[in-house]
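Participant: I'd like to ask you about the structure that follows.
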There are 2 protein chains.
Amino acid sequence: MTDTIMEPRAKAGPRVKQMIIDCDIHNVMSPKSLDPFLPNRWLQHQRAFGSRQHSGSVYPKGSPARWDAFPPSGLAPGADLSFMQQQHLDALNVEFGILGCLSPAGSQLDPDYAAALSAATNDWQIAEWLEPEPRLRAGLIVPAEHSEQAVAEIERLAGHPGFVQVLLVARSSAPLGDRKYWKLYEAATRHNLPVGIHYGGGVRGVPISSAGWPSYYIEDHTGMSAAFQAHVASMVFGGVFEHIPDLRIALIEGGFAWLPSLAWRMDKQWHRFKSEVPHLRRKPSEYIRDHFWVTTQPIEEPHRSADLHKVFEHLGGVDKVMFSTDYPHWDFDHPAHAFQVRLPAGHRDKIYTENARAFYGLPARAA
Amino acid sequence: MTDTIMEPRAKAGPRVKQMIIDCDIHNVMSPKSLDPFLPNRWLQHQRAFGSRQHSGSVYPKGSPARWDAFPPSGLAPGADLSFMQQQHLDALNVEFGILGCLSPAGSQLDPDYAAALSAATNDWQIAEWLEPEPRLRAGLIVPAEHSEQAVAEIERLAGHPGFVQVLLVARSSAPLGDRKYWKLYEAATRHNLPVGIHYGGGVRGVPISSAGWPSYYIEDHTGMSAAFQAHVASMVFGGVFEHIPDLRIALIEGGFAWLPSLAWRMDKQWHRFKSEVPHLRRKPSEYIRDHFWVTTQPIEEPHRSADLHKVFEHLGGVDKVMFSTDYPHWDFDHPAHAFQVRLPAGHRDKIYTENARAFYGLPARAA
């Protein structure tokens with residue numbers, strides 16, 4: 001009964017008056033999308049060697065998409081801009097949408113091919129998405145595991161106004177506070193770009209839990225938040241925020257109800273183990289408060305809905321919480337249904353639009 | 001400044017009136033402790049081949065112990081029963097203490113040596129700890145990765161009244177809902193023994209985070225809770241509680257403030273992915289509520305202390321919360337200082353003694 005597996009809670013859902021900035025939309029490439037953007041040398045390489053990735057990201061076989069997100073054009077869900085405009089951007093009153101292209105470029109083993117594929121993906125995003133649709137912005141795809149090449153791609157395109165963050169995936173080859181990533185963070189921050197860490201990725205041979213390989217996809221999906229937890233601990237304890245005080249991180253599609261208790265645990269550990277990480281000058285929770293933002297989807301659903309307010313309170317308020325839908329994926333959150341509690345008016349504007357506007361430096365709303 | 005690294009918040013601390021059942025005390029073997037209990041065949045093996053473990057559990061080099069826990073006898077902290085009696089059992093008014101011996105037996109690669117070492121460790125626990133000190137109980141050491149041998153050890157000693165649980169470690173070779181562990185759970189439950197999962201372990205080559213190897217011990221320690229999260233998801237989604245409805249699990253030294261948000265996330269995932277795990281008949285959070293207990297140390301410290309009550313509330317109350325000190329380790333929680341909030345009288349008795357008394361089937365207090 002494949003249908004019931006992927007059934008989105010709300011398909012297209014009702015039209016809404018609330019304007020949103022959607023911090024997680026997936027644009028998808030078709031098999032030949034990148035051909036016009038790849039130099040001939042790399043087209044030949046692709047034909048000869050194909051994709052050699054360290055990752056093995058696994059989605060359920062059916063499709064990761066909402067069943068109603070298959071465009072009539074026959075393209076894949078997320079691959080047809082005009083259908084996305086109609087079904088998502090127009091219908092849901094999306095003021096701006098941030099594209100997170102789940103590209104295989106970042107996990108290529110060949111550093112030069114990784115760089116070429118990243119560049120082609122970004123050029124394709126400019127030509128096919130950013131230029132035709134002014135509501136869209138995009139995450140810059142980089143060969144994150146190859147520092148020099150990642151920095152070069154940031155330098156090449158950070159000046160383009162369509163790119164509003166550098167996009168990484170959560171299951172990386174090392175926790176993201178590892179120093180091999182610092183040049184990338186320096187380059188992003190030099191250009192005032194935040195770094196987004198998105199659900200996904202994976203490194204072959206590295207079990208996706210900290211205790212081996214789980215039997216079920218539902219464990220894989222549930223357990224992704226553990227990778228995010230490892231990154232928060234790694235970036236804070238590693239001292240990257242002392243080294244790069246303006247570095248800003250968005251945790252995308254990783255949940256956030258786990259973040260307060262992680263912060264408590266980190267503060268307690270730090271109290272005992274300060275001497276191992278003398279580069280820290282403040283409590284771990286203060287770095288978390290100042291440097292991490294989160295997106296909402298999949299929004300946590302406490303057993304008593306009202307406890308979501310308590311989760312926000314433990315986060316230190318809603319100033320770092322940014323709305324996202326994950327369109328066109330199966331676990332899409334519709335803005336009218338995502339919250340099972342009524343948000344106070346001051347929270348609504350922050351979460352639906354203003355936090356993301358500030359974080360991504362998006363234009364003020366026309367009066 | 002090694003001293004400051006390991007400084008326990010409270011050393012011996014004040015004498016206390018509150019009686020406690022301490023669910024996590026570490027008894028330690030000396031280099032030759034097991035010699036009288038190991039058959040000659042395995043003593044020869046040990047001399048020829050030594051210990052071949054899959055694990056690489058790493059403690060800070062200094063010592064994992066409180067500085068004041070080194071006995072005058074020159075034995076290691078936790079290795080001298082009479083010193084433990086005086087410094088811990090008597091001084092802290094310990095009604096019962098549950099020993100969690102951190103033995104290398106469970107991670108031996110050779111299944112027969114693993115079995116022999118487990119048996120010797122348990123026989124040593126009976127002779128040197130359980131028989132001389134009626135306040136002590138112990139976790140049964142088993143070669144958990146070798147199912148047949150683990151079951152045999154449970155069958156051999158489950159009838160001994162000193163053993164009140166089967167003890168596993170958190171960084172196992174697979175998430176603990178994997179079917180290779182079910183025979184072990186069946187055997188434990190057949191003898192009405194719960195299963196304790198304790199901080200520690202590790203499998204060589206398997207990174208201890210879900211995103212590779214972290215740089216610092218403080219990340220290792222913080223991140224241990226992710227392994228516990230993987231086990232909760234694995235055991236629930238794997239259906240072991242449908243298969244063994246009386247199986248009871250104690251999560252020891254893994255924290256618990258992360259458990260409510262994990263339960264929310266699991267319920268939400270299950271809503272979408274039910275069809276992958278049709279063996280589940282109830283919501284994931286219901287299995288969690290009925291089958292998991294937690295110990296307190298290291299007790300979580302919310303930024304506003306009073307929020308600990310909220311954490312308990314999200315756990316569904318304090319009926320599954322059992323006090324522990326982790327004596328003689330550096331991060332020992334003293335009963336008079338562990339809680340930064342005042343516990344209501346009804347909560348105190350449950351947490352300090354009665355929950356553990358019921359869970360481990362300990363005798364009622366003398367009138």
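Labels used: A, B, ... for chains in the order of the structure tokens, numbers from 1 for residues in each chain, and numbers from 1 for ligands as shown.
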Could you find all residues in range 16-170 of chain A that DSSP calls alpha helix (DSSP H) from the backbone, and write them as a VMD selection string?
Facilitator: chain A and resid 40 to 49 81 to 84 111 to 125 147 to 157
Participant: Need to verify the contact set: range 294-298 of chain A, 9 Å, only C-alpha atoms, exclusion of same-chain residues closer than 5 positions in sequence. Can you return it as a PyMOL selection string?
Facilitator: (chain A and resi 23-24+249-256+320-326+331-333+338+351) or (chain B and resi 265+268)
Participant: Pick out the closest residue to Ile20 in chain A from this set: A:Ala91, A:Ile218, A:Ala144, A:Ala116. Count only C-alpha atoms.
Facilitator: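 So, comparing all the options, the nearest one is A:Ala91.
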Participant: Please build the interface table for chain A against chain B with a cut-off of 7 Å, listing for each qualifying residue the nearest atom pair and the distance in Å to one decimal; count only C-alpha atoms, order rows by chain and increasing number, and write it as JSON lines.
Facilitator:
{"residue": "A:Ile5", "atom": "CA", "partner": "B:Phe273", "partner_atom": "CA", "distance": 5.3}
{"residue": "A:Met6", "atom": "CA", "partner": "B:Arg272", "partner_atom": "CA", "distance": 6.5}
{"residue": "A:Arg171", "atom": "CA", "partner": "B:Ala211", "partner_atom": "CA", "distance": 5.1}
{"residue": "A:Ser172", "atom": "CA", "partner": "B:Ala211", "partner_atom": "CA", "distance": 5.4}
{"residue": "A:Ser173", "atom": "CA", "partner": "B:Gly212", "partner_atom": "CA", "distance": 5.5}
{"residue": "A:Ala174", "atom": "CA", "partner": "B:Gly212", "partner_atom": "CA", "distance": 4.2}
{"residue": "A:Pro175", "atom": "CA", "partner": "B:Ala211", "partner_atom": "CA", "distance": 5.3}
{"residue": "A:Asp178", "atom": "CA", "partner": "B:Ser215", "partner_atom": "CA", "distance": 6.9}
{"residue": "A:Val206", "atom": "CA", "partner": "B:Val206", "partner_atom": "CA", "distance": 6.5}
{"residue": "A:Pro207", "atom": "CA", "partner": "B:Ser210", "partner_atom": "CA", "distance": 6.8}
{"residue": "A:Ile208", "atom": "CA", "partner": "B:Ser210", "partner_atom": "CA", "distance": 5.1}
{"residue": "A:Ser209", "atom": "CA", "partner": "B:Ser210", "partner_atom": "CA", "distance": 5.0}
{"residue": "A:Ser210", "atom": "CA", "partner": "B:Ser209", "partner_atom": "CA", "distance": 4.9}
{"residue": "A:Ala211", "atom": "CA", "partner": "B:Arg171", "partner_atom": "CA", "distance": 5.1}
{"residue": "A:Gly212", "atom": "CA", "partner": "B:Ala174", "partner_atom": "CA", "distance": 4.2}
{"residue": "A:Trp213", "atom": "CA", "partner": "B:Ala174", "partner_atom": "CA", "distance": 5.8}
{"residue": "A:Pro214", "atom": "CA", "partner": "B:Pro175", "partner_atom": "CA", "distance": 5.8}
{"residue": "A:Ser215", "atom": "CA", "partner": "B:Asp178", "partner_atom": "CA", "distance": 6.9}
{"residue": "A:Ile218", "atom": "CA", "partner": "B:Phe273", "partner_atom": "CA", "distance": 6.6}
{"residue": "A:Glu219", "atom": "CA", "partner": "B:Ala233", "partner_atom": "CA", "distance": 6.0}
{"residue": "A:Thr222", "atom": "CA", "partner": "B:Met266", "partner_atom": "CA", "distance": 6.3}
{"residue": "A:Gly223", "atom": "CA", "partner": "B:Ala230", "partner_atom": "CA", "distance": 6.5}
{"residue": "A:Ala226", "atom": "CA", "partner": "B:Ala226", "partner_atom": "CA", "distance": 5.7}
{"residue": "A:Ala227", "atom": "CA", "partner": "B:Ser210", "partner_atom": "CA", "distance": 5.1}
{"residue": "A:Ala230", "atom": "CA", "partner": "B:Ser209", "partner_atom": "CA", "distance": 6.2}
{"residue": "A:Ala233", "atom": "CA", "partner": "B:Glu219", "partner_atom": "CA", "distance": 6.0}
{"residue": "A:Ser234", "atom": "CA", "partner": "B:Glu219", "partner_atom": "CA", "distance": 6.4}
{"residue": "A:Ala257", "atom": "CA", "partner": "B:Ser261", "partner_atom": "CA", "distance": 5.7}
{"residue": "A:Trp258", "atom": "CA", "partner": "B:Trp258", "partner_atom": "CA", "distance": 5.9}
{"residue": "A:Ser261", "atom": "CA", "partner": "B:Ala257", "partner_atom": "CA", "distance": 5.7}
{"residue": "A:Trp264", "atom": "CA", "partner": "B:Pro302", "partner_atom": "CA", "distance": 5.6}
{"residue": "A:Arg265", "atom": "CA", "partner": "B:Glu300", "partner_atom": "CA", "distance": 6.5}
{"residue": "A:Met266", "atom": "CA", "partner": "B:Thr222", "partner_atom": "CA", "distance": 6.3}
{"residue": "A:Gln269", "atom": "CA", "partner": "B:Ile218", "partner_atom": "CA", "distance": 6.6}
{"residue": "A:Arg272", "atom": "CA", "partner": "B:Ile5", "partner_atom": "CA", "distance": 5.7}
{"residue": "A:Phe273", "atom": "CA", "partner": "B:Ile5", "partner_atom": "CA", "distance": 5.2}
{"residue": "A:Lys274", "atom": "CA", "partner": "B:Ile5", "partner_atom": "CA", "distance": 6.9}
{"residue": "A:Ser275", "atom": "CA", "partner": "B:Ile5", "partner_atom": "CA", "distance": 6.1}
{"residue": "A:Glu300", "atom": "CA", "partner": "B:Arg265", "partner_atom": "CA", "distance": 6.5}
{"residue": "A:Glu301", "atom": "CA", "partner": "B:Trp264", "partner_atom": "CA", "distance": 5.8}
{"residue": "A:Pro302", "atom": "CA", "partner": "B:Trp264", "partner_atom": "CA", "distance": 5.6}
{"residue": "A:His303", "atom": "CA", "partner": "B:Trp264", "partner_atom": "CA", "distance": 6.7}
Participant: With N, CA and C atoms retained, could you export that selection as a short mmCIF file (atom, residue, chain, number, x, y, z; two decimals), in the first residue's frame?
Facilitator:
data_model
loop_
_atom_site.label_atom_id
_atom_site.label_comp_id
_atom_site.auth_asym_id
_atom_site.auth_seq_id
_atom_site.Cartn_x
_atom_site.Cartn_y
_atom_site.Cartn_z
N ILE A 5 1.91 5.01 2.59
CA ILE A 5 3.20 5.35 3.19
C ILE A 5 3.51 6.82 3.05
N MET A 6 3.30 7.32 1.86
CA MET A 6 3.78 8.66 1.55
C MET A 6 2.71 9.73 1.67
N ARG A 171 24.85 14.42 7.04
CA ARG A 171 25.70 13.23 7.23
C ARG A 171 26.98 13.41 6.42
N SER A 172 27.90 14.14 7.02
CA SER A 172 29.17 14.49 6.40
C SER A 172 30.22 13.48 6.83
N SER A 173 31.44 13.63 6.29
CA SER A 173 32.47 12.63 6.61
C SER A 173 33.07 12.86 7.98
N ALA A 174 32.89 14.05 8.52
CA ALA A 174 33.35 14.34 9.88
C ALA A 174 32.35 15.32 10.49
N PRO A 175 32.30 15.40 11.80
CA PRO A 175 31.44 16.41 12.41
C PRO A 175 31.85 17.80 11.90
N ASP A 178 34.94 20.12 12.53
CA ASP A 178 36.29 19.69 12.16
C ASP A 178 37.00 20.81 11.38
N VAL A 206 30.07 4.23 6.90
CA VAL A 206 29.85 4.85 8.20
C VAL A 206 28.40 4.64 8.61
N PRO A 207 28.16 3.82 9.62
CA PRO A 207 26.78 3.58 10.04
C PRO A 207 26.07 4.89 10.36
N ILE A 208 24.80 4.93 10.05
CA ILE A 208 24.06 6.18 10.19
C ILE A 208 23.54 6.39 11.60
N SER A 209 23.77 5.44 12.50
CA SER A 209 23.53 5.76 13.91
C SER A 209 24.87 5.63 14.62
N SER A 210 24.94 6.10 15.86
CA SER A 210 26.21 5.93 16.58
C SER A 210 26.32 4.55 17.17
N ALA A 211 25.41 3.66 16.84
CA ALA A 211 25.52 2.28 17.31
C ALA A 211 25.20 1.32 16.17
N GLY A 212 25.75 1.60 15.00
CA GLY A 212 25.60 0.66 13.90
C GLY A 212 24.42 0.97 12.99
N TRP A 213 24.12 0.00 12.13
CA TRP A 213 23.12 0.18 11.09
C TRP A 213 21.73 -0.21 11.59
N PRO A 214 20.78 0.72 11.54
CA PRO A 214 19.41 0.38 11.95
C PRO A 214 18.70 -0.42 10.87
N SER A 215 17.71 -1.17 11.26
CA SER A 215 17.02 -2.07 10.35
C SER A 215 16.03 -1.36 9.43
N ILE A 218 12.45 4.08 8.95
CA ILE A 218 11.87 4.98 9.95
C ILE A 218 12.90 5.31 11.04
N GLU A 219 13.83 4.40 11.30
CA GLU A 219 14.92 4.71 12.24
C GLU A 219 15.92 5.67 11.62
N THR A 222 14.20 9.06 11.70
CA THR A 222 14.15 9.56 13.08
C THR A 222 15.54 9.96 13.54
N GLY A 223 16.53 9.14 13.17
CA GLY A 223 17.87 9.31 13.70
C GLY A 223 18.66 10.43 13.06
N ALA A 226 20.25 13.06 15.19
CA ALA A 226 21.49 12.79 15.92
C ALA A 226 22.70 13.36 15.19
N ALA A 227 22.66 13.36 13.85
CA ALA A 227 23.78 13.96 13.11
C ALA A 227 23.83 15.47 13.37
N ALA A 230 25.40 16.09 16.65
CA ALA A 230 26.86 15.96 16.60
C ALA A 230 27.50 17.23 16.03
N ALA A 233 27.46 20.10 18.66
CA ALA A 233 28.52 19.88 19.66
C ALA A 233 29.89 20.13 19.05
N SER A 234 30.09 19.64 17.84
CA SER A 234 31.39 19.76 17.19
C SER A 234 31.74 21.21 16.88
N ALA A 257 13.46 20.44 18.80
CA ALA A 257 13.02 20.24 20.19
C ALA A 257 14.13 19.58 21.01
N TRP A 258 15.09 18.97 20.33
CA TRP A 258 16.22 18.34 21.02
C TRP A 258 17.30 19.37 21.40
N SER A 261 17.80 20.52 25.38
CA SER A 261 18.42 19.56 26.30
C SER A 261 19.87 19.29 25.90
N TRP A 264 21.81 22.08 27.49
CA TRP A 264 22.00 21.84 28.94
C TRP A 264 23.13 20.85 29.16
N ARG A 265 23.09 19.78 28.37
CA ARG A 265 24.11 18.73 28.52
C ARG A 265 25.50 19.29 28.20
N MET A 266 25.57 20.09 27.15
CA MET A 266 26.87 20.66 26.76
C MET A 266 27.40 21.60 27.84
N GLN A 269 28.76 19.44 30.61
CA GLN A 269 30.04 18.82 30.24
C GLN A 269 31.16 19.85 30.30
N ARG A 272 32.85 20.65 33.43
CA ARG A 272 33.84 19.68 33.90
C ARG A 272 35.08 19.63 33.01
N PHE A 273 34.91 19.84 31.73
CA PHE A 273 35.99 19.54 30.78
C PHE A 273 36.55 20.78 30.08
N LYS A 274 36.33 21.92 30.67
CA LYS A 274 36.84 23.18 30.10
C LYS A 274 38.26 23.08 29.60
N SER A 275 39.10 22.39 30.36
CA SER A 275 40.53 22.43 30.05
C SER A 275 40.85 21.73 28.74
N GLU A 300 8.01 19.87 15.35
CA GLU A 300 7.79 18.92 16.44
C GLU A 300 6.34 19.00 16.94
N GLU A 301 5.83 17.88 17.32
CA GLU A 301 4.46 17.84 17.81
C GLU A 301 4.42 17.22 19.20
N PRO A 302 4.57 18.06 20.22
CA PRO A 302 4.49 17.54 21.60
C PRO A 302 3.12 16.88 21.82
N HIS A 303 3.09 15.96 22.76
CA HIS A 303 1.84 15.24 23.00
C HIS A 303 0.73 16.18 23.43
#
Participant: Could you please determine the separation between CA of Leu193 in chain B and CA of His160 in chain B in Å, to one decimal place?
Facilitator: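 Computing it gives 11.1 Å between the two atoms.
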Participant: At what distance in Å, to one decimal, does CA of Arg135 in chain A lie from CA of Leu89 in chain A?
Facilitator: 8.1 Å
Participant: Which neighbours of Asp35 in chain A fall inside 12 Å, counting only C-alpha atoms, when residues of the same chain fewer than 2 positions from it are skipped, and could you give them as a tab-separated table (two decimals) with all heavy atoms, in the first residue's frame?
Facilitator:
chain	number	residue	atom	x	y	z
A	29	MET	N	16.81	18.39	-10.54
A	29	MET	CA	17.28	18.42	-11.93
A	29	MET	C	16.79	17.19	-12.68
A	29	MET	O	16.59	16.12	-12.10
A	29	MET	CB	18.79	18.53	-12.00
A	29	MET	CG	19.53	17.43	-11.30
A	29	MET	SD	21.31	17.81	-11.18
A	29	MET	CE	21.32	19.10	-9.94
A	30	SER	N	16.57	17.38	-13.96
A	30	SER	CA	16.22	16.25	-14.83
A	30	SER	C	17.53	15.64	-15.34
A	30	SER	O	18.60	16.24	-15.18
A	30	SER	CB	15.36	16.76	-15.99
A	30	SER	OG	14.20	17.37	-15.45
A	31	PRO	N	17.44	14.44	-15.93
A	31	PRO	CA	18.69	13.74	-16.28
A	31	PRO	C	19.68	14.57	-17.10
A	31	PRO	O	20.89	14.45	-16.92
A	31	PRO	CB	18.19	12.52	-17.07
A	31	PRO	CG	16.83	12.26	-16.52
A	31	PRO	CD	16.26	13.61	-16.17
A	32	LYS	N	19.19	15.41	-17.98
A	32	LYS	CA	20.13	16.16	-18.82
A	32	LYS	C	20.23	17.64	-18.45
A	32	LYS	O	20.80	18.44	-19.19
A	32	LYS	CB	19.73	16.03	-20.29
A	32	LYS	CG	19.93	14.60	-20.83
A	32	LYS	CD	19.55	14.49	-22.30
A	32	LYS	CE	19.83	13.08	-22.80
A	32	LYS	NZ	21.26	12.67	-22.66
A	33	SER	N	19.66	18.01	-17.31
A	33	SER	CA	19.63	19.43	-16.94
A	33	SER	C	21.00	20.08	-16.95
A	33	SER	O	21.16	21.23	-17.35
A	33	SER	CB	19.06	19.60	-15.52
A	33	SER	OG	17.68	19.42	-15.50
A	37	PHE	N	25.65	23.07	-18.91
A	37	PHE	CA	26.47	23.83	-17.96
A	37	PHE	C	27.78	23.14	-17.62
A	37	PHE	O	28.63	23.71	-16.96
A	37	PHE	CB	25.66	24.08	-16.68
A	37	PHE	CG	24.36	24.79	-16.93
A	37	PHE	CD1	23.17	24.07	-17.04
A	37	PHE	CD2	24.32	26.17	-17.11
A	37	PHE	CE1	21.98	24.71	-17.29
A	37	PHE	CE2	23.13	26.82	-17.35
A	37	PHE	CZ	21.94	26.08	-17.46
A	38	LEU	N	27.93	21.90	-18.05
A	38	LEU	CA	29.16	21.16	-17.74
A	38	LEU	C	30.14	21.30	-18.89
A	38	LEU	O	29.79	21.05	-20.04
A	38	LEU	CB	28.85	19.67	-17.55
A	38	LEU	CG	28.65	19.13	-16.14
A	38	LEU	CD1	28.34	17.64	-16.21
A	38	LEU	CD2	29.84	19.39	-15.23
A	39	PRO	N	31.39	21.68	-18.60
A	39	PRO	CA	32.40	21.72	-19.67
A	39	PRO	C	32.52	20.33	-20.32
A	39	PRO	O	32.27	19.31	-19.67
A	39	PRO	CB	33.69	22.05	-18.91
A	39	PRO	CG	33.25	22.69	-17.64
A	39	PRO	CD	31.91	22.09	-17.31
A	40	ASN	N	32.90	20.33	-21.58
A	40	ASN	CA	32.97	19.08	-22.33
A	40	ASN	C	33.86	18.04	-21.65
A	40	ASN	O	33.55	16.86	-21.61
A	40	ASN	CB	33.46	19.35	-23.75
A	40	ASN	CG	33.27	18.12	-24.63
A	40	ASN	OD1	32.17	17.56	-24.67
A	40	ASN	ND2	34.33	17.68	-25.29
A	41	ARG	N	34.96	18.53	-21.05
A	41	ARG	CA	35.88	17.62	-20.37
A	41	ARG	C	35.15	16.82	-19.30
A	41	ARG	O	35.43	15.64	-19.08
A	41	ARG	CB	37.01	18.46	-19.75
A	41	ARG	CG	38.06	17.65	-19.00
A	41	ARG	CD	37.92	17.83	-17.49
A	41	ARG	NE	38.92	17.08	-16.74
A	41	ARG	CZ	38.85	15.76	-16.47
A	41	ARG	NH1	37.86	15.04	-16.93
A	41	ARG	NH2	39.78	15.19	-15.74
A	42	TRP	N	34.21	17.45	-18.62
A	42	TRP	CA	33.51	16.77	-17.53
A	42	TRP	C	32.29	15.99	-18.02
A	42	TRP	O	31.90	15.01	-17.40
A	42	TRP	CB	33.14	17.76	-16.43
A	42	TRP	CG	34.37	18.23	-15.70
A	42	TRP	CD1	34.90	19.48	-15.70
A	42	TRP	CD2	35.25	17.43	-14.91
A	42	TRP	NE1	36.06	19.53	-14.97
A	42	TRP	CE2	36.30	18.27	-14.46
A	42	TRP	CE3	35.28	16.08	-14.54
A	42	TRP	CZ2	37.35	17.81	-13.66
A	42	TRP	CZ3	36.31	15.62	-13.74
A	42	TRP	CH2	37.33	16.49	-13.31
A	43	LEU	N	31.74	16.43	-19.15
A	43	LEU	CA	30.68	15.61	-19.76
A	43	LEU	C	31.27	14.26	-20.18
A	43	LEU	O	30.68	13.21	-19.96
A	43	LEU	CB	30.10	16.32	-20.99
A	43	LEU	CG	28.95	17.30	-20.71
A	43	LEU	CD1	28.58	18.03	-22.00
A	43	LEU	CD2	27.74	16.58	-20.12
A	44	GLN	N	32.48	14.32	-20.76
A	44	GLN	CA	33.15	13.09	-21.16
A	44	GLN	C	33.45	12.22	-19.93
A	44	GLN	O	33.24	11.01	-19.94
A	44	GLN	CB	34.49	13.41	-21.88
A	44	GLN	CG	34.33	14.20	-23.17
A	44	GLN	CD	33.46	13.48	-24.19
A	44	GLN	OE1	33.44	12.25	-24.25
A	44	GLN	NE2	32.69	14.24	-24.97
A	46	GLN	N	31.87	12.21	-17.11
A	46	GLN	CA	30.61	11.67	-16.60
A	46	GLN	C	30.20	10.44	-17.39
A	46	GLN	O	29.74	9.45	-16.82
A	46	GLN	CB	29.54	12.75	-16.73
A	46	GLN	CG	28.35	12.56	-15.84
A	46	GLN	CD	27.42	13.76	-15.94
A	46	GLN	OE1	26.89	14.06	-17.03
A	46	GLN	NE2	27.22	14.45	-14.84
A	47	ARG	N	30.38	10.52	-18.74
A	47	ARG	CA	30.02	9.36	-19.56
A	47	ARG	C	30.94	8.18	-19.29
A	47	ARG	O	30.51	7.03	-19.29
A	47	ARG	CB	30.05	9.74	-21.04
A	47	ARG	CG	28.75	10.44	-21.44
A	47	ARG	CD	28.80	11.12	-22.80
A	47	ARG	NE	27.82	12.19	-22.82
A	47	ARG	CZ	27.91	13.33	-23.51
A	47	ARG	NH1	28.97	13.55	-24.28
A	47	ARG	NH2	26.96	14.23	-23.45
A	116	ALA	N	33.44	20.65	-10.58
A	116	ALA	CA	32.76	20.92	-11.86
A	116	ALA	C	31.26	20.71	-11.74
A	116	ALA	O	30.45	21.49	-12.26
A	116	ALA	CB	33.34	20.01	-12.95
A	117	LEU	N	30.87	19.66	-11.03
A	117	LEU	CA	29.46	19.35	-10.89
A	117	LEU	C	28.77	20.39	-10.01
A	117	LEU	O	27.62	20.80	-10.27
A	117	LEU	CB	29.32	17.95	-10.28
A	117	LEU	CG	28.02	17.18	-10.53
A	117	LEU	CD1	27.69	17.07	-12.02
A	117	LEU	CD2	28.11	15.78	-9.90
A	119	ALA	N	29.71	23.53	-9.75
A	119	ALA	CA	29.62	24.75	-10.56
A	119	ALA	C	28.48	24.64	-11.57
A	119	ALA	O	27.70	25.59	-11.76
A	119	ALA	CB	30.95	25.01	-11.26
A	120	ALA	N	28.37	23.49	-12.23
A	120	ALA	CA	27.31	23.31	-13.22
A	120	ALA	C	25.94	23.40	-12.55
A	120	ALA	O	25.00	24.01	-13.08
A	120	ALA	CB	27.48	21.96	-13.92
A	121	THR	N	25.83	22.82	-11.36
A	121	THR	CA	24.56	22.86	-10.64
A	121	THR	C	24.18	24.29	-10.30
A	121	THR	O	23.03	24.71	-10.43
A	121	THR	CB	24.64	21.99	-9.36
A	121	THR	OG1	25.05	20.68	-9.73
A	121	THR	CG2	23.31	21.92	-8.66
A	123	ASP	N	25.24	27.03	-11.84
A	123	ASP	CA	24.94	27.77	-13.06
A	123	ASP	C	23.53	27.41	-13.56
A	123	ASP	O	22.79	28.27	-14.04
A	123	ASP	CB	25.99	27.47	-14.14
A	123	ASP	CG	27.35	28.10	-13.79
A	123	ASP	OD1	27.37	29.04	-12.96
A	123	ASP	OD2	28.38	27.64	-14.34
A	124	TRP	N	23.20	26.14	-13.45
A	124	TRP	CA	21.84	25.69	-13.80
A	124	TRP	C	20.81	26.36	-12.90
A	124	TRP	O	19.76	26.82	-13.36
A	124	TRP	CB	21.78	24.17	-13.69
A	124	TRP	CG	20.41	23.57	-13.67
A	124	TRP	CD1	19.57	23.41	-14.73
A	124	TRP	CD2	19.73	23.03	-12.52
A	124	TRP	NE1	18.41	22.80	-14.32
A	124	TRP	CE2	18.49	22.55	-12.97
A	124	TRP	CE3	20.06	22.89	-11.17
A	124	TRP	CZ2	17.56	21.95	-12.11
A	124	TRP	CZ3	19.16	22.29	-10.33
A	124	TRP	CH2	17.92	21.83	-10.79
Participant: Would you kindly return, as a list in words, each protein, DNA or RNA residue with an atom no farther than 10 Å from any atom of range 71-79 of chain A, considering only C-alpha atoms and excluding same-chain residues fewer than 6 positions away?
Facilitator: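 Residues meeting the cut-off are Ile25, His26, Asn27, Val28, Met29, Ser30, Ser33, Ser63, Pro64, Ala65, Gln87, Cys101, Trp129, Tyr327, Pro328 and His329 of chain A.
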Participant: At a cut-off of 6 Å, using only C-alpha atoms, what residues contact Tyr360 in chain A? Leave out same-chain residues fewer than 3 positions from it and give the result as a list of chain:residue names.
Facilitator: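 Listed by chain and then number, they are A:Val164, A:Ala356, A:Arg357.
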Participant: Do you have the CA of Tyr287 in chain A-CA of Ile244 in chain A distance handy?
Facilitator: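 Going from CA of Tyr287 in chain A over to CA of Ile244 in chain A covers 11.6 Å.
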Participant: Which of these, B:Gln53, B:Asn93, B:Gln340, B:Gln86, has the shortest distance to Ala114 in chain B once you count only C-alpha atoms?
Facilitator: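 The answer is B:Gln53, which sits nearest to Ala114 in chain B.
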Participant: Step one, run DSSP on the backbone; step two, keep only residues of range 76-304 of chain B assigned to strand (DSSP E or B); then write them as a PyMOL selection string.
Facilitator: chain B and resi 94-99+108+136-141+163-171+195-201+209-210+212+249-252+292-295
